[in-house]
file my_file21.csv (CSV, C-alpha atoms)
chain,number,residue,atom,x,y,z
A,28,MET,CA,19.3,-57.6,19.4
A,29,ASN,CA,16.5,-58.6,21.9
A,30,THR,CA,16.5,-56.3,24.9
A,31,LYS,CA,15.7,-58.0,28.2
A,32,HIS,CA,14.4,-56.1,31.2
A,33,GLN,CA,12.9,-57.6,34.4
A,34,LYS,CA,9.9,-59.7,33.3
A,35,TYR,CA,9.8,-58.7,29.6
A,36,LEU,CA,11.8,-59.1,26.5
A,37,ILE,CA,11.8,-56.6,23.6
A,38,HIS,CA,11.9,-57.9,20.0
A,39,PRO,CA,13.0,-54.9,18.0
A,40,GLN,CA,11.3,-54.3,14.6
A,41,SER,CA,14.8,-54.2,13.0
A,42,ASP,CA,15.3,-57.9,13.9
A,43,ARG,CA,12.2,-59.1,12.1
A,44,GLY,CA,12.4,-61.3,9.0
A,45,LYS,CA,11.5,-59.9,5.6
A,46,THR,CA,9.8,-61.0,2.5
A,47,GLN,CA,10.0,-58.3,-0.2
A,48,ILE,CA,8.7,-59.0,-3.8
A,49,ASP,CA,7.2,-56.8,-6.4
A,50,TRP,CA,3.7,-56.6,-4.9
A,51,LEU,CA,4.3,-57.5,-1.2
A,52,ASP,CA,6.5,-56.0,1.6
A,53,SER,CA,6.2,-58.1,4.7
A,54,ARG,CA,7.9,-58.1,8.0
A,55,HIS,CA,7.8,-61.3,10.2
A,56,THR,CA,7.9,-61.0,14.0
A,57,PHE,CA,8.2,-64.8,14.2
A,58,SER,CA,9.8,-67.4,11.9
A,59,PHE,CA,7.8,-67.6,8.7
A,60,GLY,CA,8.4,-68.7,5.2
A,61,GLY,CA,12.0,-68.3,4.3
A,62,PHE,CA,12.8,-66.6,7.7
A,63,TYR,CA,13.9,-69.0,10.4
A,64,ASP,CA,15.1,-68.0,13.8
A,65,LEU,CA,15.1,-70.6,16.6
A,66,ASN,CA,14.6,-67.8,19.1
A,67,ARG,CA,11.5,-66.6,17.2
A,68,MET,CA,9.2,-69.6,16.9
A,69,GLY,CA,6.3,-67.8,18.6
A,70,PHE,CA,5.3,-67.0,22.1
A,71,ARG,CA,2.9,-69.2,24.1
A,72,THR,CA,0.1,-69.9,21.5
A,73,LEU,CA,0.9,-66.9,19.4
A,74,ARG,CA,2.7,-68.2,16.3
A,75,VAL,CA,2.7,-65.5,13.6
A,76,ILE,CA,2.6,-61.7,13.4
A,77,ASN,CA,3.2,-60.6,9.8
A,78,ASP,CA,3.2,-56.9,9.1
A,79,ASP,CA,2.1,-56.8,5.4
A,80,ARG,CA,1.9,-54.0,2.8
A,81,ILE,CA,0.3,-54.9,-0.5
A,82,ILE,CA,0.3,-52.7,-3.6
A,83,PRO,CA,-2.9,-51.7,-5.4
A,84,GLY,CA,-4.6,-54.5,-7.4
A,85,ALA,CA,-2.5,-57.3,-5.9
A,86,GLY,CA,-2.8,-59.9,-3.2
A,87,PHE,CA,-2.5,-63.5,-2.0
A,88,GLY,CA,-4.0,-66.0,-4.5
A,89,THR,CA,-6.2,-68.9,-3.4
A,90,HIS,CA,-4.5,-71.0,-0.8
A,91,SER,CA,-5.5,-73.3,2.1
A,92,HIS,CA,-5.0,-73.3,5.9
A,93,GLN,CA,-5.7,-76.0,8.5
A,94,ASP,CA,-5.8,-76.1,12.3
A,95,MET,CA,-5.0,-72.4,12.9
A,96,GLU,CA,-6.9,-69.4,14.2
A,97,ILE,CA,-6.1,-66.6,11.8
A,98,ILE,CA,-6.8,-62.9,12.6
A,99,THR,CA,-6.6,-60.1,10.1
A,100,TYR,CA,-6.4,-56.5,11.3
A,101,VAL,CA,-6.2,-53.8,8.7
A,102,LEU,CA,-4.4,-50.6,9.6
A,103,LYS,CA,-4.8,-48.6,6.4
A,104,GLY,CA,-6.6,-49.3,3.1
A,105,GLU,CA,-8.9,-52.2,2.4
A,106,LEU,CA,-8.5,-55.9,1.9
A,107,GLU,CA,-11.0,-58.1,0.0
A,108,HIS,CA,-11.5,-61.6,1.4
A,109,LYS,CA,-13.1,-64.6,-0.3
A,110,ASP,CA,-13.2,-68.2,1.0
A,111,SER,CA,-14.5,-71.7,0.4
A,112,LEU,CA,-17.3,-71.2,3.0
A,113,GLY,CA,-18.9,-68.7,0.6
A,114,ASN,CA,-17.8,-65.5,2.5
A,115,GLY,CA,-16.8,-62.5,0.5
A,116,GLU,CA,-16.1,-59.4,2.6
A,117,ILE,CA,-14.1,-56.1,2.5
A,118,ILE,CA,-11.9,-55.7,5.6
A,119,LYS,CA,-11.4,-52.1,6.6
A,120,PRO,CA,-9.5,-50.3,9.3
A,121,GLY,CA,-11.1,-51.0,12.6
A,122,ASP,CA,-12.5,-54.4,11.5
A,123,ALA,CA,-11.3,-57.6,13.2
A,124,GLN,CA,-11.7,-60.8,11.0
A,125,ILE,CA,-11.0,-64.3,12.2
A,126,MET,CA,-10.9,-67.6,10.4
A,127,SER,CA,-10.9,-70.8,12.3
A,128,ALA,CA,-9.2,-73.0,9.7
A,129,GLY,CA,-10.0,-76.2,11.4
A,130,THR,CA,-10.3,-79.2,9.1
A,131,SER,CA,-9.4,-76.9,6.2
A,132,ILE,CA,-10.4,-73.6,4.6
A,133,THR,CA,-9.3,-72.1,1.3
A,134,HIS,CA,-9.3,-68.4,0.8
A,135,SER,CA,-7.8,-65.4,-1.1
A,136,GLU,CA,-6.9,-61.9,0.1
A,137,PHE,CA,-6.7,-59.1,-2.4
A,138,ASN,CA,-6.2,-55.3,-2.4
A,139,PRO,CA,-9.2,-54.1,-4.4
A,140,SER,CA,-8.0,-50.5,-4.7
A,141,LYS,CA,-6.5,-49.2,-8.0
A,142,ALA,CA,-4.7,-46.5,-6.3
A,143,ASP,CA,-4.0,-47.1,-2.6
A,144,PRO,CA,-1.8,-49.8,-0.9
A,145,VAL,CA,-3.2,-51.7,2.1
A,146,HIS,CA,-1.3,-52.2,5.4
A,147,LEU,CA,-2.4,-55.0,7.7
A,148,LEU,CA,-1.4,-57.4,10.4
A,149,GLN,CA,-1.9,-61.1,9.9
A,150,ILE,CA,-1.9,-63.0,13.1
A,151,TRP,CA,-1.8,-66.8,13.6
A,152,ILE,CA,-2.7,-68.4,16.9
A,153,LEU,CA,-2.6,-72.1,17.7
A,154,PRO,CA,-6.1,-73.5,18.4
A,155,ASN,CA,-7.1,-75.3,21.6
A,156,GLN,CA,-8.2,-78.3,19.6
A,157,GLN,CA,-7.6,-79.7,16.1
A,158,GLY,CA,-10.1,-80.9,13.5
A,159,ILE,CA,-12.9,-78.5,14.3
A,160,ALA,CA,-15.3,-77.2,11.7
A,161,PRO,CA,-14.0,-74.2,9.9
A,162,ARG,CA,-15.7,-70.9,10.6
A,163,TYR,CA,-15.4,-67.2,9.7
A,164,GLU,CA,-16.4,-64.0,11.6
A,165,GLN,CA,-15.9,-60.3,11.1
A,166,ARG,CA,-16.9,-57.3,13.2
A,167,SER,CA,-16.2,-53.6,13.1
A,168,PHE,CA,-14.8,-51.7,16.1
A,169,PRO,CA,-15.3,-47.9,15.7
A,170,THR,CA,-12.4,-45.5,16.5
A,171,GLU,CA,-14.3,-44.0,19.4
A,172,GLU,CA,-14.3,-47.4,21.2
A,173,LYS,CA,-10.5,-47.6,21.0
A,174,GLN,CA,-9.5,-43.9,21.4
A,175,GLY,CA,-7.5,-43.5,24.5
A,176,LYS,CA,-8.6,-46.9,25.9
A,177,LEU,CA,-8.2,-50.6,25.3
A,178,ARG,CA,-11.0,-52.3,23.4
A,179,LEU,CA,-11.4,-56.1,23.5
A,180,ILE,CA,-11.7,-57.3,19.9
A,181,VAL,CA,-11.0,-61.0,20.2
A,182,ALA,CA,-12.0,-63.4,23.1
A,183,PRO,CA,-12.7,-67.1,23.6
A,184,ASP,CA,-16.2,-66.3,24.9
A,185,GLY,CA,-17.0,-63.4,22.4
A,186,ARG,CA,-17.9,-61.1,25.2
A,187,GLU,CA,-18.4,-57.4,24.7
A,188,GLY,CA,-18.9,-58.0,21.0
A,189,ALA,CA,-15.5,-59.4,20.4
A,190,VAL,CA,-15.0,-62.0,17.7
A,191,THR,CA,-14.7,-65.5,19.0
A,192,ILE,CA,-11.4,-67.5,19.0
A,193,ASN,CA,-10.8,-71.2,19.8
A,194,GLN,CA,-8.1,-70.5,22.3
A,195,ASP,CA,-7.5,-68.9,25.7
A,196,VAL,CA,-6.4,-65.6,24.3
A,197,GLU,CA,-7.8,-62.1,24.6
A,198,LEU,CA,-6.7,-59.4,22.1
A,199,TYR,CA,-7.1,-55.7,23.0
A,200,VAL,CA,-6.4,-52.6,20.7
A,201,ALA,CA,-5.9,-49.0,21.7
A,202,GLN,CA,-5.4,-45.9,19.6
A,203,LEU,CA,-3.6,-43.1,21.4
A,204,THR,CA,-2.9,-39.4,20.8
A,205,PRO,CA,0.5,-37.9,21.9
A,206,GLY,CA,0.6,-37.8,25.7
A,207,GLN,CA,-2.2,-40.3,26.3
A,208,THR,CA,-1.5,-43.1,28.8
A,209,ILE,CA,-3.2,-46.5,29.3
A,210,HIS,CA,-2.5,-49.2,31.8
A,211,TYR,CA,-2.8,-52.9,31.7
A,212,GLN,CA,-2.3,-55.5,34.4
A,213,VAL,CA,-0.9,-58.9,33.4
A,214,GLU,CA,-2.2,-61.3,36.0
A,215,PRO,CA,-0.2,-64.1,37.7
A,216,GLU,CA,0.0,-67.3,35.7
A,217,ARG,CA,-0.7,-65.3,32.5
A,218,SER,CA,1.6,-63.9,29.8
A,219,ALA,CA,1.2,-61.0,27.4
A,220,TRP,CA,2.6,-59.8,24.1
A,221,VAL,CA,2.5,-56.1,23.2
A,222,GLN,CA,2.7,-55.3,19.5
A,223,LEU,CA,3.2,-51.6,18.5
A,224,ALA,CA,1.4,-51.4,15.1
A,225,GLN,CA,1.9,-47.7,14.5
A,226,GLY,CA,3.7,-44.7,16.1
A,227,ASN,CA,6.0,-44.5,19.0
A,228,LEU,CA,5.3,-45.0,22.7
A,229,THR,CA,7.0,-45.7,26.0
A,230,LEU,CA,6.3,-49.0,27.8
A,231,ASN,CA,7.2,-48.4,31.5
A,232,ASP,CA,10.7,-47.1,30.9
A,233,GLU,CA,11.4,-48.5,27.4
A,234,SER,CA,11.0,-46.6,24.2
A,235,LEU,CA,9.2,-48.5,21.4
A,236,GLN,CA,8.7,-47.8,17.7
A,237,ALA,CA,6.3,-49.3,15.2
A,238,GLY,CA,6.9,-52.9,14.6
A,239,ASP,CA,8.5,-53.6,18.0
A,240,GLY,CA,7.1,-56.5,20.0
A,241,VAL,CA,7.4,-57.2,23.7
A,242,GLN,CA,6.9,-60.5,25.5
A,243,ILE,CA,5.8,-60.4,29.1
A,244,SER,CA,5.8,-63.4,31.5
A,245,GLY,CA,4.0,-63.3,34.8
A,246,SER,CA,2.4,-60.6,36.9
A,247,GLN,CA,3.3,-57.1,35.6
A,248,GLU,CA,1.8,-53.6,35.6
A,249,LEU,CA,2.1,-52.1,32.1
A,250,THR,CA,2.0,-48.3,31.6
A,251,LEU,CA,2.0,-47.2,27.9
A,252,LEU,CA,2.6,-43.5,27.2
A,253,ALA,CA,2.1,-42.4,23.6
A,254,ASP,CA,5.0,-40.3,22.3
A,255,THR,CA,3.3,-39.8,19.0
A,256,ALA,CA,-0.1,-40.9,17.6
A,257,ALA,CA,0.1,-44.7,18.1
A,258,GLU,CA,-1.9,-47.9,17.7
A,259,VAL,CA,-1.0,-50.8,20.0
A,260,LEU,CA,-2.2,-54.4,20.4
A,261,ILE,CA,-2.1,-56.3,23.6
A,262,PHE,CA,-2.4,-60.1,23.6
A,263,ASP,CA,-3.3,-61.7,27.0
A,264,LEU,CA,-2.2,-65.3,26.8
A,265,ALA,CA,-2.5,-68.4,29.0
call {"tool": "encode", "arguments": {"input": "my_file21.csv", "output": "structure tokens"}}
result
Amino acid sequence: MNTKHQKYLIHPQSDRGKTQIDWLDSRHTFSFGGFYDLNRMGFRTLRVINDDRIIPGAGFGTHSHQDMEIITYVLKGELEHKDSLGNGEIIKPGDAQIMSAGTSITHSEFNPSKADPVHLLQIWILPNQQGIAPRYEQRSFPTEEKQGKLRLIVAPDGREGAVTINQDVELYVAQLTPGQTIHYQVEPERSAWVQLAQGNLTLNDESLQAGDGVQISGSQELTLLADTAAEVLIFDLA
């Protein structure tokens, strides 16, 4: 069950939806596909966080999206992307890729490896306007830029080398070794979502494990202490 504490609400990984077929093992933080939970329809403009594992040589065939900001963040392995704008890229760990689907974009995502699975997060965010021209952007963020500190990887103004999103959202990533601590201040009139991608950590006085998500509303000082090697994403939301 969800755990409520002061100004934040924990969504345990065990409560996520699931899609499991021969080539895909996916966990859904929010309602998606055949998983529907009225209490998990998204948070602010954050609509989808899918934790996907794809076997070697398989993937999502050609399909279309419209009026959605779609972020792909690879944790392990590689993902091959092709789209109707003519882009063809390999997304590797540390890369942030964004597609602004806008009026419509068609793409496919495929694990090109013959031996290794790929583990990724697929994130959907509602855009600040509909009917925009579709676009694609991908950048790499080296480990040293995220080790023991928060690195901005997505921002509406593309500052600090972040990929640009059509929404008032900032996404930060940190990779932590056991015992490392980071801090983040959620400002008044803002919200945040913390997604623990890998490992275990303590958020203030709450223990989190990989796959847990935490929604935070209003001003809050966050202290994140890594109990194991960990990778965490923080979404700063209007």
call {"tool": "closest_residue", "arguments": {"input": "my_file21.csv", "among": "A:Gln47, A:Thr130, A:Gln124, A:Ser58", "to": "Leu106 of chain A", "atoms": "all atoms listed in the file"}}
result
A:Gln124
call {"tool": "closest_residue", "arguments": {"input": "my_file21.csv", "among": "A:Gly206, A:Pro144, A:Gly115, A:Gly121", "to": "Arg166 of chain A", "atoms": "all atoms listed in the file"}}
result
A:Gly121
call {"tool": "closest_residue", "arguments": {"input": "my_file21.csv", "among": "A:Glu233, A:Gly226, A:Ile132, A:Val196", "to": "Phe70 of chain A", "atoms": "all atoms listed in the file"}}
result
A:Val196
call {"tool": "closest_residue", "arguments": {"input": "my_file21.csv", "among": "A:Leu36, A:Ile159, A:Ala85, A:Val101", "to": "Glu258 of chain A", "atoms": "all atoms listed in the file"}}
result
A:Val101
call {"tool": "atom_distance", "arguments": {"input": "my_file21.csv", "atom1": "atom CA of Gly185 of chain A", "atom2": "atom CA of Ser127 of chain A"}}
result
13.9 Å
call {"tool": "closest_residue", "arguments": {"input": "my_file21.csv", "among": "A:Leu252, A:Ala265, A:Ala224, A:Leu112", "to": "Pro183 of chain A", "atoms": "all atoms listed in the file"}}
result
A:Ala265
call {"tool": "residues_around", "arguments": {"input": "my_file21.csv", "residues": "Phe137 of chain A", "least_positions_apart": "3", "cutoff": "8 Å", "atoms": "all atoms listed in the file", "output": "ChimeraX atom specification"}}
result
/A:84-88,106-108
call {"tool": "residues_near_point", "arguments": {"input": "my_file21.csv", "point": "(-11.3, -58.4, 6.0)", "cutoff": "12 Å", "atoms": "all atoms listed in the file", "output": "mmCIF file with C-alpha atoms, in the coordinates of the input"}}
result
data_model
loop_
_atom_site.group_PDB
_atom_site.id
_atom_site.type_symbol
_atom_site.label_atom_id
_atom_site.label_comp_id
_atom_site.auth_asym_id
_atom_site.auth_seq_id
_atom_site.Cartn_x
_atom_site.Cartn_y
_atom_site.Cartn_z
ATOM 1 C CA ILE A 97 -6.100 -66.600 11.800
ATOM 2 C CA ILE A 98 -6.800 -62.900 12.600
ATOM 3 C CA THR A 99 -6.600 -60.100 10.100
ATOM 4 C CA TYR A 100 -6.400 -56.500 11.300
ATOM 5 C CA VAL A 101 -6.200 -53.800 8.700
ATOM 6 C CA LEU A 102 -4.400 -50.600 9.600
ATOM 7 C CA LYS A 103 -4.800 -48.600 6.400
ATOM 8 C CA GLY A 104 -6.600 -49.300 3.100
ATOM 9 C CA GLU A 105 -8.900 -52.200 2.400
ATOM 10 C CA LEU A 106 -8.500 -55.900 1.900
ATOM 11 C CA GLU A 107 -11.000 -58.100 0.000
ATOM 12 C CA HIS A 108 -11.500 -61.600 1.400
ATOM 13 C CA LYS A 109 -13.100 -64.600 -0.300
ATOM 14 C CA ASP A 110 -13.200 -68.200 1.000
ATOM 15 C CA ASN A 114 -17.800 -65.500 2.500
ATOM 16 C CA GLY A 115 -16.800 -62.500 0.500
ATOM 17 C CA GLU A 116 -16.100 -59.400 2.600
ATOM 18 C CA ILE A 117 -14.100 -56.100 2.500
ATOM 19 C CA ILE A 118 -11.900 -55.700 5.600
ATOM 20 C CA LYS A 119 -11.400 -52.100 6.600
ATOM 21 C CA PRO A 120 -9.500 -50.300 9.300
ATOM 22 C CA GLY A 121 -11.100 -51.000 12.600
ATOM 23 C CA ASP A 122 -12.500 -54.400 11.500
ATOM 24 C CA ALA A 123 -11.300 -57.600 13.200
ATOM 25 C CA GLN A 124 -11.700 -60.800 11.000
ATOM 26 C CA ILE A 125 -11.000 -64.300 12.200
ATOM 27 C CA MET A 126 -10.900 -67.600 10.400
ATOM 28 C CA HIS A 134 -9.300 -68.400 0.800
ATOM 29 C CA SER A 135 -7.800 -65.400 -1.100
ATOM 30 C CA GLU A 136 -6.900 -61.900 0.100
ATOM 31 C CA PHE A 137 -6.700 -59.100 -2.400
ATOM 32 C CA ASN A 138 -6.200 -55.300 -2.400
ATOM 33 C CA PRO A 139 -9.200 -54.100 -4.400
ATOM 34 C CA VAL A 145 -3.200 -51.700 2.100
ATOM 35 C CA HIS A 146 -1.300 -52.200 5.400
ATOM 36 C CA LEU A 147 -2.400 -55.000 7.700
ATOM 37 C CA LEU A 148 -1.400 -57.400 10.400
ATOM 38 C CA GLN A 149 -1.900 -61.100 9.900
ATOM 39 C CA TYR A 163 -15.400 -67.200 9.700
ATOM 40 C CA GLU A 164 -16.400 -64.000 11.600
ATOM 41 C CA GLN A 165 -15.900 -60.300 11.100
ATOM 42 C CA ARG A 166 -16.900 -57.300 13.200
ATOM 43 C CA SER A 167 -16.200 -53.600 13.100
#
call {"tool": "build_atoms", "arguments": {"input": "my_file21.csv", "residues": "segment 159-189 of chain A", "atoms": "N, CA and C atoms", "output": "PDB file, in the coordinates of the input"}}
result
ATOM      1  N   ILE A 159     -11.570 -79.092  14.136  1.00  0.00           N
ATOM      2  CA  ILE A 159     -12.900 -78.500  14.300  1.00  0.00           C
ATOM      3  C   ILE A 159     -13.440 -78.033  12.958  1.00  0.00           C
ATOM      4  N   ALA A 160     -14.728 -77.751  12.924  1.00  0.00           N
ATOM      5  CA  ALA A 160     -15.300 -77.200  11.700  1.00  0.00           C
ATOM      6  C   ALA A 160     -14.824 -75.830  11.426  1.00  0.00           C
ATOM      7  N   PRO A 161     -14.442 -75.527  10.189  1.00  0.00           N
ATOM      8  CA  PRO A 161     -14.000 -74.200   9.900  1.00  0.00           C
ATOM      9  C   PRO A 161     -15.081 -73.147  10.041  1.00  0.00           C
ATOM     10  N   ARG A 162     -14.715 -71.926  10.406  1.00  0.00           N
ATOM     11  CA  ARG A 162     -15.700 -70.900  10.600  1.00  0.00           C
ATOM     12  C   ARG A 162     -15.044 -69.520  10.266  1.00  0.00           C
ATOM     13  N   TYR A 163     -15.891 -68.513  10.074  1.00  0.00           N
ATOM     14  CA  TYR A 163     -15.400 -67.200   9.700  1.00  0.00           C
ATOM     15  C   TYR A 163     -16.290 -66.162  10.480  1.00  0.00           C
ATOM     16  N   GLU A 164     -15.647 -65.083  10.941  1.00  0.00           N
ATOM     17  CA  GLU A 164     -16.400 -64.000  11.600  1.00  0.00           C
ATOM     18  C   GLU A 164     -15.659 -62.701  11.440  1.00  0.00           C
ATOM     19  N   GLN A 165     -16.427 -61.640  11.264  1.00  0.00           N
ATOM     20  CA  GLN A 165     -15.900 -60.300  11.100  1.00  0.00           C
ATOM     21  C   GLN A 165     -16.752 -59.276  11.762  1.00  0.00           C
ATOM     22  N   ARG A 166     -16.124 -58.378  12.517  1.00  0.00           N
ATOM     23  CA  ARG A 166     -16.900 -57.300  13.200  1.00  0.00           C
ATOM     24  C   ARG A 166     -16.083 -56.014  13.092  1.00  0.00           C
ATOM     25  N   SER A 167     -16.806 -54.889  13.157  1.00  0.00           N
ATOM     26  CA  SER A 167     -16.200 -53.600  13.100  1.00  0.00           C
ATOM     27  C   SER A 167     -16.140 -52.953  14.485  1.00  0.00           C
ATOM     28  N   PHE A 168     -15.013 -52.312  14.799  1.00  0.00           N
ATOM     29  CA  PHE A 168     -14.800 -51.700  16.100  1.00  0.00           C
ATOM     30  C   PHE A 168     -14.496 -50.180  15.833  1.00  0.00           C
ATOM     31  N   PRO A 169     -15.479 -49.284  16.002  1.00  0.00           N
ATOM     32  CA  PRO A 169     -15.300 -47.900  15.700  1.00  0.00           C
ATOM     33  C   PRO A 169     -14.139 -47.239  16.458  1.00  0.00           C
ATOM     34  N   THR A 170     -13.556 -46.222  15.860  1.00  0.00           N
ATOM     35  CA  THR A 170     -12.400 -45.500  16.500  1.00  0.00           C
ATOM     36  C   THR A 170     -12.738 -45.051  17.881  1.00  0.00           C
ATOM     37  N   GLU A 171     -13.957 -44.535  18.085  1.00  0.00           N
ATOM     38  CA  GLU A 171     -14.300 -44.000  19.400  1.00  0.00           C
ATOM     39  C   GLU A 171     -14.247 -45.046  20.510  1.00  0.00           C
ATOM     40  N   GLU A 172     -14.383 -46.321  20.151  1.00  0.00           N
ATOM     41  CA  GLU A 172     -14.300 -47.400  21.200  1.00  0.00           C
ATOM     42  C   GLU A 172     -12.882 -47.730  21.536  1.00  0.00           C
ATOM     43  N   LYS A 173     -11.899 -47.238  20.749  1.00  0.00           N
ATOM     44  CA  LYS A 173     -10.500 -47.600  21.000  1.00  0.00           C
ATOM     45  C   LYS A 173      -9.661 -46.332  21.330  1.00  0.00           C
ATOM     46  N   GLN A 174     -10.236 -45.164  21.165  1.00  0.00           N
ATOM     47  CA  GLN A 174      -9.500 -43.900  21.400  1.00  0.00           C
ATOM     48  C   GLN A 174      -9.174 -43.680  22.826  1.00  0.00           C
ATOM     49  N   GLY A 175      -7.911 -43.759  23.163  1.00  0.00           N
ATOM     50  CA  GLY A 175      -7.500 -43.500  24.500  1.00  0.00           C
ATOM     51  C   GLY A 175      -7.796 -44.601  25.510  1.00  0.00           C
ATOM     52  N   LYS A 176      -8.214 -45.759  25.017  1.00  0.00           N
ATOM     53  CA  LYS A 176      -8.600 -46.900  25.900  1.00  0.00           C
ATOM     54  C   LYS A 176      -8.428 -48.181  25.165  1.00  0.00           C
ATOM     55  N   LEU A 177      -8.340 -49.253  25.923  1.00  0.00           N
ATOM     56  CA  LEU A 177      -8.200 -50.600  25.300  1.00  0.00           C
ATOM     57  C   LEU A 177      -9.611 -51.132  25.027  1.00  0.00           C
ATOM     58  N   ARG A 178      -9.746 -51.678  23.830  1.00  0.00           N
ATOM     59  CA  ARG A 178     -11.000 -52.300  23.400  1.00  0.00           C
ATOM     60  C   ARG A 178     -10.737 -53.774  23.114  1.00  0.00           C
ATOM     61  N   LEU A 179     -11.508 -54.631  23.757  1.00  0.00           N
ATOM     62  CA  LEU A 179     -11.400 -56.100  23.500  1.00  0.00           C
ATOM     63  C   LEU A 179     -12.000 -56.365  22.137  1.00  0.00           C
ATOM     64  N   ILE A 180     -11.196 -56.983  21.238  1.00  0.00           N
ATOM     65  CA  ILE A 180     -11.700 -57.300  19.900  1.00  0.00           C
ATOM     66  C   ILE A 180     -11.718 -58.790  19.606  1.00  0.00           C
ATOM     67  N   VAL A 181     -10.969 -59.588  20.379  1.00  0.00           N
ATOM     68  CA  VAL A 181     -11.000 -61.000  20.200  1.00  0.00           C
ATOM     69  C   VAL A 181     -10.982 -61.682  21.591  1.00  0.00           C
ATOM     70  N   ALA A 182     -11.854 -62.682  21.787  1.00  0.00           N
ATOM     71  CA  ALA A 182     -12.000 -63.400  23.100  1.00  0.00           C
ATOM     72  C   ALA A 182     -12.535 -64.753  22.888  1.00  0.00           C
ATOM     73  N   PRO A 183     -12.195 -65.701  23.757  1.00  0.00           N
ATOM     74  CA  PRO A 183     -12.700 -67.100  23.600  1.00  0.00           C
ATOM     75  C   PRO A 183     -14.216 -67.161  23.827  1.00  0.00           C
ATOM     76  N   ASP A 184     -14.793 -66.220  24.588  1.00  0.00           N
ATOM     77  CA  ASP A 184     -16.200 -66.300  24.900  1.00  0.00           C
ATOM     78  C   ASP A 184     -17.001 -65.199  24.054  1.00  0.00           C
ATOM     79  N   GLY A 185     -16.302 -64.442  23.207  1.00  0.00           N
ATOM     80  CA  GLY A 185     -17.000 -63.400  22.400  1.00  0.00           C
ATOM     81  C   GLY A 185     -17.647 -62.335  23.152  1.00  0.00           C
ATOM     82  N   ARG A 186     -17.247 -62.121  24.392  1.00  0.00           N
ATOM     83  CA  ARG A 186     -17.900 -61.100  25.200  1.00  0.00           C
ATOM     84  C   ARG A 186     -17.633 -59.711  24.695  1.00  0.00           C
ATOM     85  N   GLU A 187     -18.490 -58.794  25.078  1.00  0.00           N
ATOM     86  CA  GLU A 187     -18.400 -57.400  24.700  1.00  0.00           C
ATOM     87  C   GLU A 187     -18.319 -57.167  23.211  1.00  0.00           C
ATOM     88  N   GLY A 188     -18.894 -58.097  22.472  1.00  0.00           N
ATOM     89  CA  GLY A 188     -18.900 -58.000  21.000  1.00  0.00           C
ATOM     90  C   GLY A 188     -17.675 -58.344  20.306  1.00  0.00           C
ATOM     91  N   ALA A 189     -16.735 -58.959  21.007  1.00  0.00           N
ATOM     92  CA  ALA A 189     -15.500 -59.400  20.400  1.00  0.00           C
ATOM     93  C   ALA A 189     -15.747 -60.588  19.459  1.00  0.00           C
TER      94      ALA A 189
END
